[in-house]
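start_17.csv (CSV, C-alpha atoms) appears below.
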```csv
chain,number,residue,atom,x,y,z
Y,16,MET,CA,-94.5,-59.9,-22.0
Y,17,ARG,CA,-91.7,-57.8,-23.6
Y,18,VAL,CA,-92.8,-56.1,-26.8
Y,19,TYR,CA,-90.8,-54.0,-29.1
Y,20,VAL,CA,-92.5,-50.9,-30.6
Y,21,PRO,CA,-90.9,-49.6,-33.8
Y,22,LEU,CA,-90.7,-45.8,-34.1
Y,23,THR,CA,-88.7,-43.0,-35.7
Y,24,LEU,CA,-87.0,-40.2,-33.8
Y,25,PRO,CA,-90.0,-37.9,-34.4
Y,26,GLY,CA,-92.3,-40.7,-33.2
Y,27,LEU,CA,-90.1,-41.0,-30.0
Y,28,ALA,CA,-90.4,-37.3,-29.5
Y,29,GLU,CA,-94.2,-37.4,-29.8
Y,30,ALA,CA,-94.3,-40.3,-27.3
Y,31,HIS,CA,-92.1,-38.5,-24.9
Y,32,LYS,CA,-94.3,-35.4,-25.1
Y,33,ALA,CA,-97.5,-37.4,-24.7
Y,34,GLY,CA,-96.0,-39.7,-22.0
Y,35,GLU,CA,-97.2,-42.8,-23.9
Y,36,LEU,CA,-96.8,-44.9,-26.9
Y,37,GLY,CA,-100.0,-44.6,-28.9
Y,38,PRO,CA,-102.6,-44.0,-30.1
Y,39,ALA,CA,-104.1,-47.4,-30.1
Y,40,PRO,CA,-103.8,-49.8,-31.6
Y,41,VAL,CA,-100.1,-49.9,-31.1
Y,42,ASP,CA,-98.2,-52.2,-33.6
Y,43,ALA,CA,-95.3,-54.0,-32.0
Y,44,TYR,CA,-93.2,-57.2,-32.2
Y,45,ALA,CA,-92.7,-60.0,-29.6
Y,46,VAL,CA,-91.7,-63.6,-29.3
Y,47,THR,CA,-94.8,-65.2,-30.8
Y,48,PRO,CA,-95.4,-68.9,-31.8
Y,49,ALA,CA,-94.8,-67.9,-35.4
Y,50,LEU,CA,-91.5,-66.1,-34.5
Y,51,ARG,CA,-90.4,-69.2,-32.6
Y,52,GLU,CA,-91.1,-71.4,-35.6
Y,53,TRP,CA,-89.5,-68.9,-38.1
Y,54,TYR,CA,-86.3,-68.5,-36.0
Y,55,THR,CA,-86.1,-72.1,-34.9
Y,56,SER,CA,-84.5,-71.5,-31.5
Y,57,ASP,CA,-85.4,-72.3,-28.0
Y,58,ASP,CA,-83.0,-69.7,-26.5
Y,59,MET,CA,-85.1,-66.9,-25.1
Y,60,GLU,CA,-82.4,-64.3,-25.5
Y,61,GLU,CA,-82.0,-65.2,-29.2
Y,62,LEU,CA,-85.7,-65.0,-29.7
Y,63,GLU,CA,-85.9,-61.6,-28.0
Y,64,TYR,CA,-83.1,-60.4,-30.2
Y,65,ALA,CA,-85.0,-61.7,-33.3
Y,66,ALA,CA,-88.1,-59.8,-32.2
Y,67,LEU,CA,-86.0,-56.7,-31.7
Y,68,GLY,CA,-84.7,-57.2,-35.3
Y,69,ARG,CA,-88.3,-57.5,-36.6
Y,70,ALA,CA,-89.1,-54.2,-34.9
Y,71,ALA,CA,-86.1,-52.6,-36.4
Y,72,LEU,CA,-87.4,-53.6,-39.8
Y,73,GLY,CA,-90.7,-52.1,-38.7
Y,74,SER,CA,-88.9,-48.8,-37.9
Y,75,LEU,CA,-87.2,-48.9,-41.3
Y,76,ARG,CA,-90.7,-49.1,-42.9
Y,77,ARG,CA,-91.8,-46.0,-40.9
Y,78,LEU,CA,-88.6,-44.2,-42.1
Y,79,ALA,CA,-89.4,-45.1,-45.7
Y,80,ALA,CA,-92.9,-43.5,-45.2
Y,81,ASP,CA,-91.4,-40.4,-43.6
Y,82,PRO,CA,-88.7,-38.8,-45.7
Y,83,GLU,CA,-88.2,-35.9,-43.2
Y,84,ALA,CA,-87.3,-38.2,-40.2
Y,85,ALA,CA,-83.7,-38.7,-39.3
Y,86,ARG,CA,-82.4,-41.9,-40.9
Y,87,ARG,CA,-82.0,-43.8,-37.6
Y,88,ARG,CA,-84.1,-46.8,-36.6
Y,89,VAL,CA,-85.8,-46.5,-33.2
Y,90,VAL,CA,-87.3,-49.3,-31.1
Y,91,VAL,CA,-88.8,-49.0,-27.6
Y,92,ALA,CA,-88.8,-52.2,-25.5
Y,93,VAL,CA,-91.9,-52.2,-23.2
Y,94,ASP,CA,-93.1,-54.7,-20.7
Y,95,VAL,CA,-96.9,-55.2,-20.8
Y,96,PRO,CA,-99.3,-57.8,-19.3
Y,97,ASP,CA,-99.9,-60.7,-21.7
Y,98,ALA,CA,-103.6,-60.0,-21.7
Y,99,GLU,CA,-103.0,-56.7,-23.4
Y,100,VAL,CA,-101.2,-58.3,-26.4
Y,101,THR,CA,-103.1,-59.6,-29.4
Y,102,VAL,CA,-101.4,-62.1,-31.7
Y,103,ASP,CA,-103.3,-62.6,-34.9
Y,104,PRO,CA,-102.6,-66.2,-36.2
Y,105,GLY,CA,-102.6,-64.8,-39.7
Y,106,PHE,CA,-99.5,-62.8,-39.0
Y,107,GLY,CA,-97.5,-66.0,-39.1
Y,108,LEU,CA,-98.5,-66.6,-42.7
Y,109,ASP,CA,-96.9,-63.3,-43.9
Y,110,ARG,CA,-93.1,-63.4,-43.8
Y,111,ASP,CA,-93.0,-59.6,-43.1
Y,112,ALA,CA,-95.5,-60.0,-40.2
Y,113,VAL,CA,-93.7,-62.7,-38.2
Y,114,GLY,CA,-93.6,-61.7,-34.6
Y,115,GLU,CA,-96.1,-58.8,-35.1
Y,116,VAL,CA,-98.5,-58.1,-32.3
Y,117,ARG,CA,-101.0,-55.4,-31.4
Y,118,LEU,CA,-101.7,-53.6,-28.2
Y,119,ALA,CA,-105.3,-52.5,-27.7
Y,120,ARG,CA,-104.5,-49.3,-25.8
Y,121,PRO,CA,-101.7,-46.8,-25.5
Y,122,VAL,CA,-98.8,-47.8,-23.3
Y,123,PRO,CA,-97.4,-45.4,-20.7
Y,124,LEU,CA,-93.8,-44.6,-21.6
Y,125,SER,CA,-93.0,-45.2,-17.9
Y,126,LYS,CA,-93.4,-49.0,-18.7
Y,127,ALA,CA,-90.6,-48.8,-21.2
Y,128,ALA,CA,-87.5,-50.9,-20.3
Y,129,ALA,CA,-85.2,-49.4,-22.8
Y,130,VAL,CA,-84.8,-47.6,-26.1
Y,131,HIS,CA,-82.8,-48.9,-29.0
Y,132,VAL,CA,-81.5,-46.5,-31.6
Y,133,ASP,CA,-79.0,-46.6,-34.5
Y,134,ALA,CA,-75.7,-44.8,-34.0
Y,135,ASP,CA,-74.8,-41.9,-36.2
Y,136,ASP,CA,-72.5,-44.0,-38.3
Y,137,ALA,CA,-75.5,-46.1,-39.4
Y,138,GLU,CA,-77.4,-43.2,-41.0
Y,139,ALA,CA,-76.1,-43.6,-44.6
Y,140,ASP,CA,-76.9,-47.4,-44.7
Y,141,VAL,CA,-80.3,-46.9,-43.0
Y,142,ALA,CA,-81.1,-44.1,-45.5
Y,143,ALA,CA,-80.1,-46.4,-48.4
Y,144,ALA,CA,-82.2,-49.2,-46.9
Y,145,ALA,CA,-85.2,-47.0,-46.5
Y,146,ALA,CA,-85.0,-45.9,-50.1
Y,147,ALA,CA,-84.5,-49.5,-51.4
Y,148,LEU,CA,-87.3,-51.0,-49.2
Y,149,GLY,CA,-90.1,-50.8,-51.8
Y,150,ALA,CA,-88.0,-52.5,-54.5
Y,151,ALA,CA,-86.9,-55.1,-52.0
Y,152,ASP,CA,-90.5,-55.9,-51.2
Y,153,LEU,CA,-91.1,-56.4,-54.9
Y,154,GLY,CA,-88.4,-59.0,-55.1
Y,155,ASP,CA,-85.4,-57.0,-56.3
Y,156,ASP,CA,-82.3,-58.9,-54.9
Y,157,ASP,CA,-80.0,-56.0,-55.2
Y,158,ALA,CA,-82.4,-53.8,-53.2
Y,159,ARG,CA,-82.8,-56.7,-50.6
Y,160,PHE,CA,-79.0,-56.6,-50.2
Y,161,VAL,CA,-79.1,-52.9,-49.5
Y,162,VAL,CA,-81.9,-53.4,-46.9
Y,163,ASP,CA,-80.0,-56.2,-45.3
Y,164,GLY,CA,-77.1,-53.8,-45.0
Y,165,ALA,CA,-78.9,-51.8,-42.4
Y,166,GLU,CA,-79.2,-54.9,-40.3
Y,167,ASP,CA,-75.4,-55.0,-40.1
Y,168,HIS,CA,-75.7,-52.1,-37.6
Y,169,GLU,CA,-76.4,-53.0,-34.0
Y,170,LEU,CA,-79.0,-50.8,-32.3
Y,171,MET,CA,-77.5,-49.1,-29.3
Y,172,TRP,CA,-79.2,-49.4,-25.9
Y,173,PHE,CA,-80.4,-46.4,-24.0
Y,174,GLY,CA,-82.2,-46.1,-20.7
Y,175,VAL,CA,-85.6,-44.5,-20.6
Y,176,GLN,CA,-84.2,-41.5,-18.7
Y,177,GLU,CA,-82.0,-40.8,-21.8
Y,178,ILE,CA,-85.0,-40.1,-24.1
Y,179,PRO,CA,-84.8,-36.3,-23.7
Y,180,ASN,CA,-81.2,-36.4,-25.0
Y,181,LEU,CA,-82.2,-38.6,-28.0
Y,182,VAL,CA,-85.0,-36.4,-29.1
```
Would you mind writing the structure in this file as structure tokens?
Amino acid sequence: MRVYVPLTLPGLAEAHKAGELGPAPVDAYAVTPALREWYTSDDMEELEYAALGRAALGSLRRLAADPEAARRRVVVAVDVPDAEVTVDPGFGLDRDAVGEVRLARPVPLSKAAAVHVDADDAEADVAAAAAALGAADLGDDDARFVVDGAEDHELMWFGVQEIPNLV
């Protein structure tokens, strides 16, 4: 199963140094039954893109909690056996948890398929979105508009061998 692990650049640096994504449990996003229902598509490529988008929001939440991190969302795509992925049916009931899964143990970074990172030109919008996230969660429509502005930026694709250059 392809899962998308939200990180920050410091988190990616830690994973690179440790050689794994962890410690467990590892929060990630994937194509789950709840995501399929929420996104209402049968196209697997679209569903994978939706899971990547959910992980990008997870990365934004990590950025909001770490004011020292560079304002760039980071998502690592990893292939893991289905048996290692836990989907809590309750995740589908919470709009913010749609597509969320947990991995019971750390994942070797060597299993990563790709790394997705914001371009430099996204930093201002991502910074504004991270700052507005709390108000957006409380229902502020203007703040939600700012948060959605970060989603206008496509995450760039990098090969795993490029991680040293990213960190």
Give as a PyMOL selection string the set of residues within 7 Å of the point (-102.2, -52.6, -30.2), where distances use the file's coordinates and all atoms listed in the file. chain Y and resi 39-42+100+116-120
Might you pull out every residue within 7 Å of Val182 (chain Y), with all atoms listed in the file counted and same-chain residues fewer than 3 positions away left off, and present them as a PyMOL selection string? chain Y and resi 24+27-28+178-179
Report as a PyMOL selection string all protein, DNA and RNA residues lying within 12 Å of region 131-139 of chain Y, evaluated on all atoms listed in the file, omitting residues in the same chain fewer than 3 positions from it. chain Y and resi 19-24+27+64+67-68+70-71+74-75+78+84-93+127-128+142-146+161-162+164-175+177-178+181-182
Which residues are near Leu36 (chain Y)? Cut-off 6 Å, all atoms listed in the file, ignore same chain within fewer than 3 positions. Put them as a VMD selection string. chain Y and resid 30 121 to 122
Could you check the closest approach to Gly73 (chain Y) for each of Y:Gly114, Y:Pro38, Y:Gly154, Y:Pro25 and tell me which residue wins, using only C-alpha atoms? Y:Gly114
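Straight-line separation from CA of Arg159 (chain Y) to CA of Glu61 (chain Y): 23.0 Å.
The space between CA of Gly34 (chain Y) and CA of Pro96 (chain Y) spans 18.6 Å.
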Using all atoms listed in the file, which of the listed residues (Y:Trp53, Y:Glu35, Y:Glu60, Y:Leu148) sits closest to Ser125 (chain Y)? Y:Glu35
Show which residues sit within 9 Å of Thr47 (chain Y), as a ChimeraX atom specification. Count all atoms listed in the file, and ignore same-chain residues fewer than 6 positions away. /Y:66,102,107,113-116
Generate the coordinates of N, CA and C atoms for region 124-140 of chain Y; report them as a PDB file, in the frame of the given file.
```
ATOM      1  N   LEU Y 124     -95.236 -44.518 -21.301  1.00  0.00           N
ATOM      2  CA  LEU Y 124     -93.800 -44.600 -21.600  1.00  0.00           C
ATOM      3  C   LEU Y 124     -93.029 -44.999 -20.317  1.00  0.00           C
ATOM      4  N   SER Y 125     -93.635 -44.808 -19.158  1.00  0.00           N
ATOM      5  CA  SER Y 125     -93.000 -45.200 -17.900  1.00  0.00           C
ATOM      6  C   SER Y 125     -92.827 -46.738 -17.817  1.00  0.00           C
ATOM      7  N   LYS Y 126     -93.553 -47.498 -18.644  1.00  0.00           N
ATOM      8  CA  LYS Y 126     -93.400 -49.000 -18.700  1.00  0.00           C
ATOM      9  C   LYS Y 126     -92.278 -49.412 -19.567  1.00  0.00           C
ATOM     10  N   ALA Y 127     -91.650 -48.478 -20.264  1.00  0.00           N
ATOM     11  CA  ALA Y 127     -90.600 -48.800 -21.200  1.00  0.00           C
ATOM     12  C   ALA Y 127     -89.359 -49.327 -20.368  1.00  0.00           C
ATOM     13  N   ALA Y 128     -88.736 -50.371 -20.887  1.00  0.00           N
ATOM     14  CA  ALA Y 128     -87.500 -50.900 -20.300  1.00  0.00           C
ATOM     15  C   ALA Y 128     -86.279 -50.321 -20.857  1.00  0.00           C
ATOM     16  N   ALA Y 129     -86.330 -49.980 -22.146  1.00  0.00           N
ATOM     17  CA  ALA Y 129     -85.200 -49.400 -22.800  1.00  0.00           C
ATOM     18  C   ALA Y 129     -85.570 -48.870 -24.181  1.00  0.00           C
ATOM     19  N   VAL Y 130     -84.666 -48.094 -24.740  1.00  0.00           N
ATOM     20  CA  VAL Y 130     -84.800 -47.600 -26.100  1.00  0.00           C
ATOM     21  C   VAL Y 130     -83.604 -47.999 -26.886  1.00  0.00           C
ATOM     22  N   HIS Y 131     -83.836 -48.492 -28.087  1.00  0.00           N
ATOM     23  CA  HIS Y 131     -82.800 -48.900 -29.000  1.00  0.00           C
ATOM     24  C   HIS Y 131     -82.738 -48.017 -30.183  1.00  0.00           C
ATOM     25  N   VAL Y 132     -81.580 -47.437 -30.488  1.00  0.00           N
ATOM     26  CA  VAL Y 132     -81.500 -46.500 -31.600  1.00  0.00           C
ATOM     27  C   VAL Y 132     -80.172 -46.710 -32.336  1.00  0.00           C
ATOM     28  N   ASP Y 133     -80.218 -46.477 -33.648  1.00  0.00           N
ATOM     29  CA  ASP Y 133     -79.000 -46.600 -34.500  1.00  0.00           C
ATOM     30  C   ASP Y 133     -77.999 -45.497 -34.050  1.00  0.00           C
ATOM     31  N   ALA Y 134     -76.730 -45.822 -34.170  1.00  0.00           N
ATOM     32  CA  ALA Y 134     -75.700 -44.800 -34.000  1.00  0.00           C
ATOM     33  C   ALA Y 134     -75.604 -43.934 -35.206  1.00  0.00           C
ATOM     34  N   ASP Y 135     -74.948 -42.806 -35.055  1.00  0.00           N
ATOM     35  CA  ASP Y 135     -74.800 -41.900 -36.200  1.00  0.00           C
ATOM     36  C   ASP Y 135     -74.194 -42.501 -37.397  1.00  0.00           C
ATOM     37  N   ASP Y 136     -73.234 -43.413 -37.193  1.00  0.00           N
ATOM     38  CA  ASP Y 136     -72.500 -44.000 -38.300  1.00  0.00           C
ATOM     39  C   ASP Y 136     -73.403 -44.954 -39.153  1.00  0.00           C
ATOM     40  N   ALA Y 137     -74.602 -45.243 -38.692  1.00  0.00           N
ATOM     41  CA  ALA Y 137     -75.500 -46.100 -39.400  1.00  0.00           C
ATOM     42  C   ALA Y 137     -76.404 -45.338 -40.404  1.00  0.00           C
ATOM     43  N   GLU Y 138     -76.431 -44.016 -40.276  1.00  0.00           N
ATOM     44  CA  GLU Y 138     -77.400 -43.200 -41.000  1.00  0.00           C
ATOM     45  C   GLU Y 138     -77.351 -43.419 -42.539  1.00  0.00           C
ATOM     46  N   ALA Y 139     -76.167 -43.486 -43.115  1.00  0.00           N
ATOM     47  CA  ALA Y 139     -76.100 -43.600 -44.600  1.00  0.00           C
ATOM     48  C   ALA Y 139     -76.660 -44.979 -45.017  1.00  0.00           C
ATOM     49  N   ASP Y 140     -76.330 -46.061 -44.298  1.00  0.00           N
ATOM     50  CA  ASP Y 140     -76.900 -47.400 -44.700  1.00  0.00           C
ATOM     51  C   ASP Y 140     -78.365 -47.465 -44.408  1.00  0.00           C
TER      52      ASP Y 140
END
```
